[in-house]
Amino acid sequence: MSRIKITEIFYSLQGETKTVGLPTVFVRLTGCPLRCGYCDTAYAFKGGNYLEVDEILQKVKQYNTKYVTVTGGEPLAQKACIELLKTLCDEGYQVSLETSGALDVAKVDARVIKVIDFKTPDSLEEAKNRFENVQHILPHDQVKFVLCSKNDYEWAKSIIEKYDLVNLCEILFSPSFADLEPGLLADWLLKDQLQVRMQIQLHKILWKDAIGR
């Protein structure tokens, strides 16, 4: 089996997406080609330790849950991530992948729930969006926008319309924790009657500034 560089493997409540609140094992891969202005996991850019895929699986099996989230960094920056995702699915886990959308998702196992986080202008990484990934979106996937401002909100609306995202999968709008007041975003959504799900990071409410747990 392949080796993958891992920053951490931990057990917590899922703070976002369609499985929010459910006990989940998080497998955080090391490395990311993006540098988003609001990034809260910069500690995963470097360091980490190499583990074989079967070693990762054994660590995941220590916890009593069927939910596994593979995240980063940007997990698809490591080619062996594809093998890891398939292995976890083969073991019967419900697997989600948190990816920036900047890298090709074509080879991701169809059983995986892809959470594709397209980058807004205020993220400072808009230019790296790979919108060719839209053609690989499945109904069980989710598209996520982290919003820092009204400008980001309007941009996200334009992307939803351009790619007809509401007819492809569920759409998530998240206020950047330090940049956008959640109540403002809620007001905009209600006024415009958008067919999206607003979400607030549960783990940051429960554990204040804790990252991911």
# chains A, B, ... in the order shown; residues from 1 in each chain; ligands from 1
>>> select_by_dssp(residues="segment 102-151 of chain A", states="helix (DSSP H, G or I)", output="list of chain:residue names")
A:Pro121, A:Asp122, A:Ser123, A:Glu126, A:Ala127, A:Lys128, A:Phe131, A:Glu132, A:Asn133, A:Val134, A:Gln135, A:His136, A:Lys150, A:Asn151
>>> write_last_selection(atoms="C-alpha atoms", output="PDB file, in the first residue's frame")
ATOM      1  CA  PRO A 121     -12.505  36.656  -4.265  1.00  0.00           C
ATOM      2  CA  ASP A 122     -11.821  37.604  -0.645  1.00  0.00           C
ATOM      3  CA  SER A 123     -10.154  34.240  -0.018  1.00  0.00           C
ATOM      4  CA  GLU A 126     -10.142  32.672  -6.568  1.00  0.00           C
ATOM      5  CA  ALA A 127      -7.803  32.209  -9.550  1.00  0.00           C
ATOM      6  CA  LYS A 128      -7.094  28.610  -8.517  1.00  0.00           C
ATOM      7  CA  PHE A 131     -14.590  24.767 -12.415  1.00  0.00           C
ATOM      8  CA  GLU A 132     -14.113  21.726 -14.651  1.00  0.00           C
ATOM      9  CA  ASN A 133     -14.834  19.853 -11.406  1.00  0.00           C
ATOM     10  CA  VAL A 134     -18.497  20.778 -11.758  1.00  0.00           C
ATOM     11  CA  GLN A 135     -18.938  17.989 -14.317  1.00  0.00           C
ATOM     12  CA  HIS A 136     -17.903  15.448 -11.668  1.00  0.00           C
ATOM     13  CA  LYS A 150     -21.237  41.039   0.518  1.00  0.00           C
ATOM     14  CA  ASN A 151     -18.959  40.984  -2.531  1.00  0.00           C
TER      15      ASN A 151
END
>>> residues_around(residues="Ala110 of chain A", least_positions_apart="2", cutoff="12 Å", atoms="only C-alpha atoms", output="PyMOL selection string")
chain A and resi 82+85-86+89-90+94-97+105-108+112-114+136-141
>>> write_last_selection(atoms="C-alpha atoms", output="PDB file, in the first residue's frame")
ATOM      1  CA  ILE A  82      -7.406   8.437  -3.922  1.00  0.00           C
ATOM      2  CA  LEU A  85     -10.637   7.138   0.029  1.00  0.00           C
ATOM      3  CA  LYS A  86     -11.378   3.890  -1.804  1.00  0.00           C
ATOM      4  CA  CYS A  89     -15.275   3.105   1.403  1.00  0.00           C
ATOM      5  CA  ASP A  90     -14.466  -0.583   0.944  1.00  0.00           C
ATOM      6  CA  GLN A  94     -19.442   6.837   4.985  1.00  0.00           C
ATOM      7  CA  VAL A  95     -16.579   8.933   3.694  1.00  0.00           C
ATOM      8  CA  SER A  96     -16.518  12.640   2.968  1.00  0.00           C
ATOM      9  CA  LEU A  97     -13.706  14.550   1.289  1.00  0.00           C
ATOM     10  CA  VAL A 105     -11.688  15.323  -8.473  1.00  0.00           C
ATOM     11  CA  ALA A 106     -12.329  13.016 -11.461  1.00  0.00           C
ATOM     12  CA  LYS A 107     -10.650   9.989  -9.876  1.00  0.00           C
ATOM     13  CA  VAL A 108     -12.368  10.255  -6.495  1.00  0.00           C
ATOM     14  CA  VAL A 112     -17.278   9.461  -1.454  1.00  0.00           C
ATOM     15  CA  ILE A 113     -19.250  12.591  -0.552  1.00  0.00           C
ATOM     16  CA  LYS A 114     -17.212  15.389  -2.080  1.00  0.00           C
ATOM     17  CA  HIS A 136     -17.903  15.448 -11.668  1.00  0.00           C
ATOM     18  CA  ILE A 137     -20.413  16.592  -9.023  1.00  0.00           C
ATOM     19  CA  LEU A 138     -22.856  13.871  -7.958  1.00  0.00           C
ATOM     20  CA  PRO A 139     -26.222  14.398  -6.232  1.00  0.00           C
ATOM     21  CA  HIS A 140     -24.842  13.355  -2.824  1.00  0.00           C
ATOM     22  CA  ASP A 141     -21.985  15.883  -3.024  1.00  0.00           C
TER      23      ASP A 141
END
>>> residues_around(residues="segment 157-166 of chain A", least_positions_apart="3", cutoff="9 Å", atoms="only C-alpha atoms", output="list in words")
Phe131, Val134, Val143, Asp152, Tyr153, Glu154, Cys169, Glu170, Ile171, Leu194, Gln195 and Val196 of chain A
>>> residues_around(residues="Lys5 of chain A", least_positions_apart="2", cutoff="12 Å", atoms="only C-alpha atoms", output="PyMOL selection string")
chain A and resi 2-3+7-9+27-32+44-53+55-56+72-81+84
